[in-house]
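Asker: Sharing protein_16.cif, mmCIF, C-alpha atoms:
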```cif
data_start
#
loop_
_atom_site.group_PDB
_atom_site.id
_atom_site.type_symbol
_atom_site.label_atom_id
_atom_site.label_comp_id
_atom_site.auth_asym_id
_atom_site.auth_seq_id
_atom_site.Cartn_x
_atom_site.Cartn_y
_atom_site.Cartn_z
ATOM 1 C CA MET U 1 0.000 0.000 0.000
ATOM 2 C CA ASP U 2 1.216 3.483 -0.804
ATOM 3 C CA GLU U 3 2.234 5.410 2.288
ATOM 4 C CA GLU U 4 0.177 8.497 3.026
ATOM 5 C CA ARG U 5 1.219 10.962 5.667
ATOM 6 C CA TYR U 6 -1.357 13.009 7.593
ATOM 7 C CA GLY U 7 1.088 15.672 8.712
ATOM 8 C CA PHE U 8 0.715 15.046 12.467
ATOM 9 C CA GLN U 9 0.969 12.257 15.022
ATOM 10 C CA PRO U 10 -2.421 10.490 15.218
ATOM 11 C CA MET U 11 -3.868 9.264 18.491
ATOM 12 C CA ARG U 12 -7.128 7.541 17.469
ATOM 13 C CA VAL U 13 -10.037 7.533 15.017
ATOM 14 C CA ASP U 14 -13.584 8.372 16.134
ATOM 15 C CA ARG U 15 -15.809 6.347 13.792
ATOM 16 C CA GLY U 16 -19.477 6.799 13.001
ATOM 17 C CA GLU U 17 -22.095 6.463 10.287
ATOM 18 C CA GLY U 18 -21.800 10.174 9.554
ATOM 19 C CA GLY U 19 -18.028 10.046 9.055
ATOM 20 C CA ASN U 20 -14.640 9.348 10.601
ATOM 21 C CA VAL U 21 -12.488 11.843 12.486
ATOM 22 C CA LEU U 22 -8.754 11.358 13.001
ATOM 23 C CA VAL U 23 -7.579 12.871 16.294
ATOM 24 C CA GLY U 24 -3.988 14.009 16.831
ATOM 25 C CA CYS U 25 -1.820 14.008 19.936
ATOM 26 C CA SER U 26 -1.572 17.820 19.935
ATOM 27 C CA GLY U 27 -5.242 18.629 19.388
ATOM 28 C CA GLU U 28 -5.390 18.135 15.605
ATOM 29 C CA LEU U 29 -8.641 17.099 13.916
ATOM 30 C CA LEU U 30 -8.989 15.696 10.400
ATOM 31 C CA ARG U 31 -12.014 14.183 8.709
ATOM 32 C CA ILE U 32 -11.122 11.091 6.679
ATOM 33 C CA ASP U 33 -13.178 8.931 4.343
ATOM 34 C CA ALA U 34 -13.941 5.215 4.732
ATOM 35 C CA GLY U 35 -10.566 4.358 3.200
ATOM 36 C CA GLY U 36 -8.583 6.659 5.470
ATOM 37 C CA ASN U 37 -8.048 9.434 2.896
ATOM 38 C CA PRO U 38 -7.981 13.051 4.190
ATOM 39 C CA LEU U 39 -10.955 15.232 3.283
ATOM 40 C CA HIS U 40 -9.309 18.566 4.193
ATOM 41 C CA GLU U 41 -6.247 20.007 5.895
ATOM 42 C CA PRO U 42 -5.859 19.215 9.624
ATOM 43 C CA VAL U 43 -7.003 21.918 12.053
ATOM 44 C CA ILE U 44 -6.534 22.665 15.764
ATOM 45 C CA PRO U 45 -9.835 24.204 16.954
ATOM 46 C CA PHE U 46 -8.744 24.645 20.580
ATOM 47 C CA PRO U 47 -5.286 24.836 22.246
ATOM 48 C CA ALA U 48 -5.592 21.735 24.446
ATOM 49 C CA ASN U 49 -5.479 17.963 24.240
ATOM 50 C CA ILE U 50 -8.599 16.187 23.014
ATOM 51 C CA SER U 51 -9.481 13.708 25.734
ATOM 52 C CA ASN U 52 -12.582 12.108 24.183
ATOM 53 C CA GLY U 53 -14.609 12.253 20.994
ATOM 54 C CA ALA U 54 -17.524 10.576 19.253
ATOM 55 C CA VAL U 55 -19.407 10.909 15.966
ATOM 56 C CA ILE U 56 -23.100 11.518 16.718
ATOM 57 C CA GLY U 57 -25.351 11.815 13.677
ATOM 58 C CA GLN U 58 -23.841 14.532 11.488
ATOM 59 C CA SER U 59 -21.658 15.974 14.259
ATOM 60 C CA TRP U 60 -18.397 15.169 15.967
ATOM 61 C CA ILE U 61 -18.646 15.868 19.710
ATOM 62 C CA GLY U 62 -15.382 16.196 21.597
ATOM 63 C CA THR U 63 -13.885 17.199 24.923
ATOM 64 C CA TRP U 64 -10.704 19.206 25.442
ATOM 65 C CA VAL U 65 -8.811 19.249 28.743
ATOM 66 C CA GLU U 66 -5.904 21.533 29.668
ATOM 67 C CA GLN U 67 -4.718 20.116 32.989
ATOM 68 C CA GLU U 68 -2.189 22.822 33.843
ATOM 69 C CA LEU U 69 -4.651 25.678 33.341
ATOM 70 C CA ARG U 70 -7.612 23.689 34.678
ATOM 71 C CA GLU U 71 -9.699 24.416 31.603
ATOM 72 C CA ALA U 72 -12.108 21.944 29.961
ATOM 73 C CA ARG U 73 -14.466 22.296 27.022
ATOM 74 C CA MET U 74 -17.094 20.235 25.232
ATOM 75 C CA ALA U 75 -18.210 21.165 21.731
ATOM 76 C CA ALA U 76 -19.838 19.815 18.580
ATOM 77 C CA LEU U 77 -18.430 20.349 15.084
ATOM 78 C CA SER U 78 -20.648 19.702 12.079
ATOM 79 C CA LEU U 79 -19.387 17.056 9.661
ATOM 80 C CA ASP U 80 -21.005 18.990 6.816
ATOM 81 C CA SER U 81 -19.188 22.319 7.268
ATOM 82 C CA GLU U 82 -15.632 23.604 7.052
ATOM 83 C CA TRP U 83 -13.424 23.457 10.139
ATOM 84 C CA SER U 84 -10.872 26.103 11.079
ATOM 85 C CA ASN U 85 -8.067 26.707 13.543
ATOM 86 C CA GLY U 86 -8.924 28.329 16.860
ATOM 87 C CA GLY U 87 -7.149 30.527 19.357
ATOM 88 C CA GLY U 88 -3.697 29.884 20.751
ATOM 89 C CA ARG U 89 -2.469 28.752 24.128
ATOM 90 C CA GLN U 90 -1.504 32.310 25.106
ATOM 91 C CA GLN U 91 -5.152 33.367 24.814
ATOM 92 C CA LEU U 92 -6.119 30.507 27.096
ATOM 93 C CA ARG U 93 -3.553 31.693 29.644
ATOM 94 C CA GLU U 94 -5.047 35.180 29.778
ATOM 95 C CA VAL U 95 -7.670 35.234 32.504
ATOM 96 C CA SER U 96 -9.849 37.729 30.643
ATOM 97 C CA ASN U 97 -10.021 35.496 27.555
ATOM 98 C CA ALA U 98 -9.963 32.000 29.036
ATOM 99 C CA GLU U 99 -13.658 31.740 29.857
ATOM 100 C CA MET U 100 -14.694 33.136 26.478
ATOM 101 C CA LEU U 101 -12.345 31.090 24.295
ATOM 102 C CA MET U 102 -14.221 28.179 22.721
ATOM 103 C CA PRO U 103 -13.334 25.617 20.036
ATOM 104 C CA ALA U 104 -13.503 27.130 16.559
ATOM 105 C CA SER U 105 -16.190 26.054 14.058
ATOM 106 C CA SER U 106 -18.375 24.608 16.805
ATOM 107 C CA ARG U 107 -22.168 24.242 16.465
ATOM 108 C CA TRP U 108 -22.345 24.568 20.233
ATOM 109 C CA ALA U 109 -19.731 24.714 22.979
ATOM 110 C CA ARG U 110 -19.659 24.551 26.767
ATOM 111 C CA ARG U 111 -17.069 25.358 29.429
ATOM 112 C CA LEU U 112 -16.971 22.501 31.951
ATOM 113 C CA ASP U 113 -16.165 22.856 35.640
ATOM 114 C CA ALA U 114 -15.086 19.215 36.045
ATOM 115 C CA GLU U 115 -13.007 16.814 33.961
ATOM 116 C CA PRO U 116 -15.134 14.928 31.391
ATOM 117 C CA LEU U 117 -14.699 11.150 31.116
ATOM 118 C CA ALA U 118 -15.743 8.291 28.856
ATOM 119 C CA LEU U 119 -17.624 10.207 26.157
ATOM 120 C CA THR U 120 -19.407 7.538 24.091
ATOM 121 C CA ARG U 121 -21.886 7.397 21.226
ATOM 122 C CA VAL U 122 -25.139 5.549 21.965
ATOM 123 C CA SER U 123 -28.235 5.010 19.831
ATOM 124 C CA LYS U 124 -30.040 8.118 21.120
ATOM 125 C CA GLY U 125 -27.134 10.507 21.532
ATOM 126 C CA ALA U 126 -24.000 10.632 23.663
ATOM 127 C CA VAL U 127 -23.130 9.687 27.231
ATOM 128 C CA PHE U 128 -20.309 11.121 29.326
ATOM 129 C CA ALA U 129 -19.354 11.505 32.977
ATOM 130 C CA THR U 130 -17.635 14.132 35.074
ATOM 131 C CA MET U 131 -15.299 12.913 37.792
ATOM 132 C CA ASN U 132 -17.192 12.023 40.970
ATOM 133 C CA ARG U 133 -20.153 14.203 39.967
ATOM 134 C CA GLY U 134 -22.455 12.450 37.559
ATOM 135 C CA VAL U 135 -23.240 10.628 34.331
ATOM 136 C CA TYR U 136 -25.114 12.513 31.607
ATOM 137 C CA MET U 137 -26.880 11.656 28.370
ATOM 138 C CA ILE U 138 -27.281 14.411 25.768
ATOM 139 C CA ASP U 139 -28.576 14.592 22.212
ATOM 140 C CA GLU U 140 -26.701 15.953 19.204
ATOM 141 C CA ASP U 141 -27.799 19.497 20.102
ATOM 142 C CA ALA U 142 -26.505 19.275 23.705
ATOM 143 C CA GLN U 143 -29.958 18.919 25.263
ATOM 144 C CA GLU U 144 -29.743 16.884 28.463
ATOM 145 C CA LEU U 145 -31.905 13.757 28.293
ATOM 146 C CA TRP U 146 -31.067 12.423 31.764
ATOM 147 C CA ARG U 147 -28.444 12.443 34.479
ATOM 148 C CA ALA U 148 -27.424 9.783 36.985
ATOM 149 C CA SER U 149 -25.118 9.538 39.984
ATOM 150 C CA TYR U 150 -21.451 8.794 39.397
ATOM 151 C CA PRO U 151 -20.937 5.071 40.110
ATOM 152 C CA GLU U 152 -19.029 4.049 43.225
ATOM 153 C CA TRP U 153 -17.289 0.790 44.036
ATOM 154 C CA PRO U 154 -15.951 1.385 47.578
ATOM 155 C CA GLU U 155 -15.156 -2.300 48.107
ATOM 156 C CA LEU U 156 -12.610 -2.293 45.275
ATOM 157 C CA SER U 157 -9.061 -1.135 45.914
ATOM 158 C CA LYS U 158 -7.211 -3.482 43.591
ATOM 159 C CA PHE U 159 -5.818 -0.704 41.415
ATOM 160 C CA HIS U 160 -5.042 2.944 42.088
ATOM 161 C CA HIS U 161 -7.971 5.215 41.161
ATOM 162 C CA SER U 162 -10.130 2.105 40.890
ATOM 163 C CA ASP U 163 -13.335 4.114 40.463
ATOM 164 C CA THR U 164 -12.098 6.035 37.393
ATOM 165 C CA LEU U 165 -14.441 5.447 34.479
ATOM 166 C CA VAL U 166 -12.681 4.183 31.372
ATOM 167 C CA THR U 167 -15.509 3.876 28.867
ATOM 168 C CA CYS U 168 -19.196 3.162 28.327
ATOM 169 C CA THR U 169 -20.780 0.555 26.077
ATOM 170 C CA GLU U 170 -24.368 0.175 24.925
ATOM 171 C CA HIS U 171 -25.788 -3.309 25.508
ATOM 172 C CA GLU U 172 -29.407 -4.452 25.020
ATOM 173 C CA ASP U 173 -31.007 -1.079 25.896
ATOM 174 C CA ARG U 174 -28.624 -0.740 28.795
ATOM 175 C CA LEU U 175 -25.538 1.341 29.383
ATOM 176 C CA ALA U 176 -22.491 -0.410 30.830
ATOM 177 C CA LEU U 177 -20.096 1.895 32.710
ATOM 178 C CA TRP U 178 -16.639 0.293 32.974
ATOM 179 C CA SER U 179 -14.046 1.299 35.568
ATOM 180 C CA ARG U 180 -10.291 0.878 35.462
ATOM 181 C CA SER U 181 -10.576 -2.032 37.910
ATOM 182 C CA GLY U 182 -12.989 -3.993 35.739
ATOM 183 C CA SER U 183 -16.080 -3.028 37.681
ATOM 184 C CA VAL U 184 -19.185 -2.502 35.566
ATOM 185 C CA THR U 185 -22.409 -0.695 36.452
ATOM 186 C CA LEU U 186 -25.493 -1.121 34.279
ATOM 187 C CA LEU U 187 -27.927 1.768 33.819
ATOM 188 C CA ASP U 188 -31.202 1.857 31.920
ATOM 189 C CA LEU U 189 -30.480 3.637 28.644
ATOM 190 C CA GLU U 190 -33.929 5.246 28.606
ATOM 191 C CA ASP U 191 -33.758 7.149 31.899
ATOM 192 C CA GLY U 192 -30.372 6.402 33.512
ATOM 193 C CA SER U 193 -31.842 4.443 36.419
ATOM 194 C CA PHE U 194 -29.576 1.963 38.203
ATOM 195 C CA ILE U 195 -29.903 -1.727 37.276
ATOM 196 C CA SER U 196 -26.930 -3.602 38.723
ATOM 197 C CA SER U 197 -23.236 -3.501 39.535
ATOM 198 C CA ASN U 198 -20.616 -6.218 39.568
ATOM 199 C CA ALA U 199 -16.923 -6.812 38.879
ATOM 200 C CA VAL U 200 -15.107 -8.771 36.197
ATOM 201 C CA SER U 201 -11.928 -10.445 37.429
ATOM 202 C CA ILE U 202 -8.996 -8.994 35.480
ATOM 203 C CA ALA U 203 -5.254 -9.246 36.076
ATOM 204 C CA ARG U 204 -4.301 -5.664 35.230
ATOM 205 C CA PRO U 205 -6.040 -2.300 34.912
ATOM 206 C CA LEU U 206 -8.518 -1.816 32.105
ATOM 207 C CA ALA U 207 -7.550 0.570 29.302
ATOM 208 C CA GLY U 208 -10.627 0.323 27.072
ATOM 209 C CA VAL U 209 -13.635 -1.745 26.044
ATOM 210 C CA GLU U 210 -15.180 -2.548 22.660
ATOM 211 C CA TYR U 211 -18.562 -4.247 22.311
ATOM 212 C CA SER U 212 -20.305 -6.141 19.518
ATOM 213 C CA GLU U 213 -23.675 -7.901 19.634
ATOM 214 C CA ASP U 214 -22.113 -10.860 17.846
ATOM 215 C CA GLY U 215 -18.660 -10.765 19.421
ATOM 216 C CA GLY U 216 -19.411 -9.754 23.015
ATOM 217 C CA TRP U 217 -16.953 -7.626 24.974
ATOM 218 C CA PHE U 218 -13.312 -7.033 24.099
ATOM 219 C CA LEU U 219 -11.590 -5.821 27.298
ATOM 220 C CA ILE U 220 -8.275 -4.094 26.566
ATOM 221 C CA LEU U 221 -5.726 -4.186 29.381
ATOM 222 C CA GLU U 222 -3.016 -1.651 30.082
ATOM 223 C CA ASN U 223 0.458 -2.829 29.005
ATOM 224 C CA GLY U 224 -0.841 -5.615 26.757
ATOM 225 C CA ASP U 225 -3.243 -8.577 26.434
ATOM 226 C CA PHE U 226 -7.042 -8.517 26.369
ATOM 227 C CA TYR U 227 -10.016 -10.500 27.616
ATOM 228 C CA LEU U 228 -12.993 -11.757 25.633
ATOM 229 C CA LEU U 229 -16.279 -11.873 27.498
ATOM 230 C CA ASP U 230 -19.537 -13.328 26.153
ATOM 231 C CA ASP U 231 -21.698 -11.876 28.926
ATOM 232 C CA LEU U 232 -21.259 -10.384 32.373
ATOM 233 C CA GLN U 233 -22.021 -13.661 34.151
ATOM 234 C CA THR U 234 -19.273 -15.713 32.475
ATOM 235 C CA SER U 235 -15.536 -15.817 33.158
ATOM 236 C CA PRO U 236 -13.397 -13.807 30.718
ATOM 237 C CA GLN U 237 -10.991 -15.569 28.348
ATOM 238 C CA ILE U 238 -7.534 -13.992 28.250
ATOM 239 C CA VAL U 239 -5.650 -13.605 24.973
ATOM 240 C CA LYS U 240 -1.930 -12.809 25.119
ATOM 241 C CA THR U 241 -0.501 -10.178 22.786
ATOM 242 C CA PRO U 242 3.060 -9.011 21.948
ATOM 243 C CA GLY U 243 2.262 -5.554 23.301
ATOM 244 C CA PRO U 244 -0.528 -3.105 24.165
ATOM 245 C CA VAL U 245 -3.652 -3.038 21.982
ATOM 246 C CA PHE U 246 -4.865 0.396 20.838
ATOM 247 C CA ASP U 247 -7.892 -0.365 18.657
ATOM 248 C CA ALA U 248 -10.157 -3.343 17.969
ATOM 249 C CA GLN U 249 -13.181 -4.123 15.797
ATOM 250 C CA PHE U 250 -15.448 -7.123 15.313
ATOM 251 C CA SER U 251 -16.045 -7.983 11.664
ATOM 252 C CA ASP U 252 -16.587 -11.064 9.474
ATOM 253 C CA GLY U 253 -17.189 -13.272 12.482
ATOM 254 C CA GLY U 254 -14.045 -12.417 14.446
ATOM 255 C CA TRP U 255 -12.100 -9.740 16.289
ATOM 256 C CA LYS U 256 -9.173 -7.909 14.745
ATOM 257 C CA TRP U 257 -6.922 -5.394 16.442
ATOM 258 C CA THR U 258 -3.806 -3.301 16.102
ATOM 259 C CA GLY U 259 -1.301 -2.033 18.639
ATOM 260 C CA TRP U 260 2.306 -1.855 19.750
ATOM 261 C CA ARG U 261 4.354 -3.348 16.894
ATOM 262 C CA HIS U 262 1.727 -5.921 15.930
ATOM 263 C CA ASP U 263 -1.640 -6.579 14.317
ATOM 264 C CA GLY U 264 -3.840 -9.479 15.359
ATOM 265 C CA CYS U 265 -7.046 -11.339 14.672
ATOM 266 C CA LYS U 266 -9.052 -14.018 16.450
ATOM 267 C CA ASP U 267 -11.651 -16.150 14.683
ATOM 268 C CA GLY U 268 -13.117 -18.821 16.950
ATOM 269 C CA GLN U 269 -10.284 -20.610 18.725
ATOM 270 C CA GLU U 270 -7.599 -19.473 16.285
ATOM 271 C CA THR U 271 -5.457 -16.437 17.113
ATOM 272 C CA ASN U 272 -2.976 -14.899 14.667
ATOM 273 C CA THR U 273 -0.582 -12.003 15.179
ATOM 274 C CA ALA U 274 1.797 -10.344 12.758
ATOM 275 C CA HIS U 275 4.750 -8.081 13.509
ATOM 276 C CA ARG U 276 4.856 -4.472 12.363
ATOM 277 C CA ARG U 277 7.771 -2.089 12.728
ATOM 278 C CA ASP U 278 5.659 0.790 13.979
ATOM 279 C CA ILE U 279 2.632 1.224 16.253
ATOM 280 C CA GLY U 280 -0.894 0.775 14.973
ATOM 281 C CA ILE U 281 -3.237 3.254 16.634
ATOM 282 C CA ALA U 282 -6.472 2.736 14.661
ATOM 283 C CA LEU U 283 -8.214 0.426 12.215
ATOM 284 C CA ILE U 284 -9.919 1.935 9.179
ATOM 285 C CA SER U 285 -11.469 -0.393 6.604
ATOM 286 C CA ASP U 286 -8.760 -2.989 5.811
ATOM 287 C CA SER U 287 -5.949 -0.639 6.783
ATOM 288 C CA VAL U 288 -4.098 0.570 9.872
ATOM 289 C CA ILE U 289 -3.275 4.166 10.771
ATOM 290 C CA THR U 290 0.129 4.260 12.433
ATOM 291 C CA ASN U 291 1.593 6.520 15.095
ATOM 292 C CA ASP U 292 3.891 8.190 12.565
ATOM 293 C CA GLY U 293 0.966 9.306 10.437
ATOM 294 C CA ARG U 294 0.900 6.631 7.741
ATOM 295 C CA LEU U 295 -1.867 4.541 6.235
ATOM 296 C CA ASP U 296 -0.593 0.978 6.123
ATOM 297 C CA GLU U 297 -1.991 -2.476 5.338
ATOM 298 C CA PHE U 298 -3.431 -4.668 8.080
ATOM 299 C CA ARG U 299 -0.916 -7.488 8.447
ATOM 300 C CA ALA U 300 -2.541 -10.291 10.465
#
```
Do you think you could lay out the structure here as structure tokens?
Answerer:
Amino acid sequence: MDEERYGFQPMRVDRGEGGNVLVGCSGELLRIDAGGNPLHEPVIPFPANISNGAVIGQSWIGTWVEQELREARMAALSLDSEWSNGGGRQQLREVSNAEMLMPASSRWARRLDAEPLALTRVSKGAVFATMNRGVYMIDEDAQELWRASYPEWPELSKFHHSDTLVTCTEHEDRLALWSRSGSVTLLDLEDGSFISSNAVSIARPLAGVEYSEDGGWFLILENGDFYLLDDLQTSPQIVKTPGPVFDAQFSDGGWKWTGWRHDGCKDGQETNTAHRRDIGIALISDSVITNDGRLDEFRA
């Protein structure tokens, strides 16, 4: 495959029916097509790291967090309009401008007073949490649909910051909130009411979760390996990997993933991995986007 550079260091791809958005390590955003081809020049709408993002309908909704300056934003950018660069870091440092500075090209934008976590697309909108404050569901226009209490697992102290939410997954009209320790709380997707809470036994902290109706849960561990889980009442099956996994998708009856110097796939009982010289950060179609900004072939 011909190499294609994006001009920045990618961090992940936020995928959706309305489009795909490539997110950079320094706040870059770039819409790409289904084959990974750029649709415009990369832009930096806001001078901070992009902590989370999701494609909701015809919008990309993202969160920016500047830890040093204690500034956080949430905004929606339309996938149908042009995007532009925003203000610089110096403007964010100026007290008079900080509260007014918002991400450029946004349909709507909000200044947040707490760090946003686990922003996720669901069938009726988006769900996110703010640390130790609450869980919220909003629609594409930022209208709040419901809010729920931030989940607590006081009996768990296996890992540091064990109650930190990692991600959310939609499952049979329910919302599963996953913590770094492998604890999962189920909420009703319609109104956010509490359903149940339990823990999945994992060996190391959880880094991320992917879910498929056909493939179940794919639990990504920090520092490598993952678990496969059919349902929350069964024991997870561990799969060893050569290094950390950064993205996974279920397709054609099996899981495939990319990560630190390898690609992999698992179909039934068979697991295959293939070495790569670089780091795969995202899957797009039959290709891999690498950490050095290339579009490469999937090797497993």
Asker: When the PyMOL selection byres ((chain U and resi 75) around 7) is applied to the file above, which residues end up in the set, as a VMD selection string?
Answerer: chain U and resid 61 to 63 73 to 74 76 to 77 103 106 108 to 110
Asker: For each of U:Ser149, U:Arg15, U:Tyr6, U:Ala48, take the minimum atom-to-atom distance to Leu30 (chain U), counting all atoms listed in the file, then give the residue where this is smallest.
Answerer: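 The closest residue to Leu30 (chain U) is U:Tyr6.
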Asker: Please identify all polymer residues within 9 Å of Gly57 (chain U), counting all atoms listed in the file, omitting same-chain residues fewer than 5 positions from it, and present them as an NGL selection string.
Answerer: :U and (16-19 or 79 or 125 or 140)
Asker: I'd like the contact shell of region 258-264 of chain U - 12 Å cut-off, all atoms listed in the file, skipping same-chain residues fewer than 6 positions apart - returned as a VMD selection string.
Answerer: chain U and resid 11 to 12 220 to 226 239 to 250 270 to 284 286 to 291 296 to 300
Asker: Distance CA of Ser26 (chain U)-CA of Asn49 (chain U), one decimal place?
Answerer: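 If I compute the distance from CA of Ser26 (chain U) to CA of Asn49 (chain U), I get 5.8 Å.
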Asker: Measure the distance from CA of Glu170 (chain U) to CA of Ser285 (chain U) in Å and round it to one decimal.
Answerer: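 Value for the CA of Glu170 (chain U)-CA of Ser285 (chain U) distance: 22.4 Å.
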Asker: Can you list, as a count of residues only, every protein, DNA or RNA residue that comes within 10 Å of Gly7 (chain U) when you count all atoms listed in the file, leaving out same-chain residues fewer than 2 positions away?
Answerer: 11
Asker: As an exercise, work out the distance from CA of Tyr211 (chain U) to CA of Lys124 (chain U) in Å and give it to one decimal place.
Answerer: 16.9 Å
Asker: Which of these, U:Val184, U:Val23, U:Val209, U:Ile44, has the shortest distance to Ala104 (chain U) once you count all atoms listed in the file?
Answerer: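 Of U:Val184, U:Val23, U:Val209, U:Ile44, the one nearest Ala104 (chain U) is U:Ile44, counting all atoms listed in the file.
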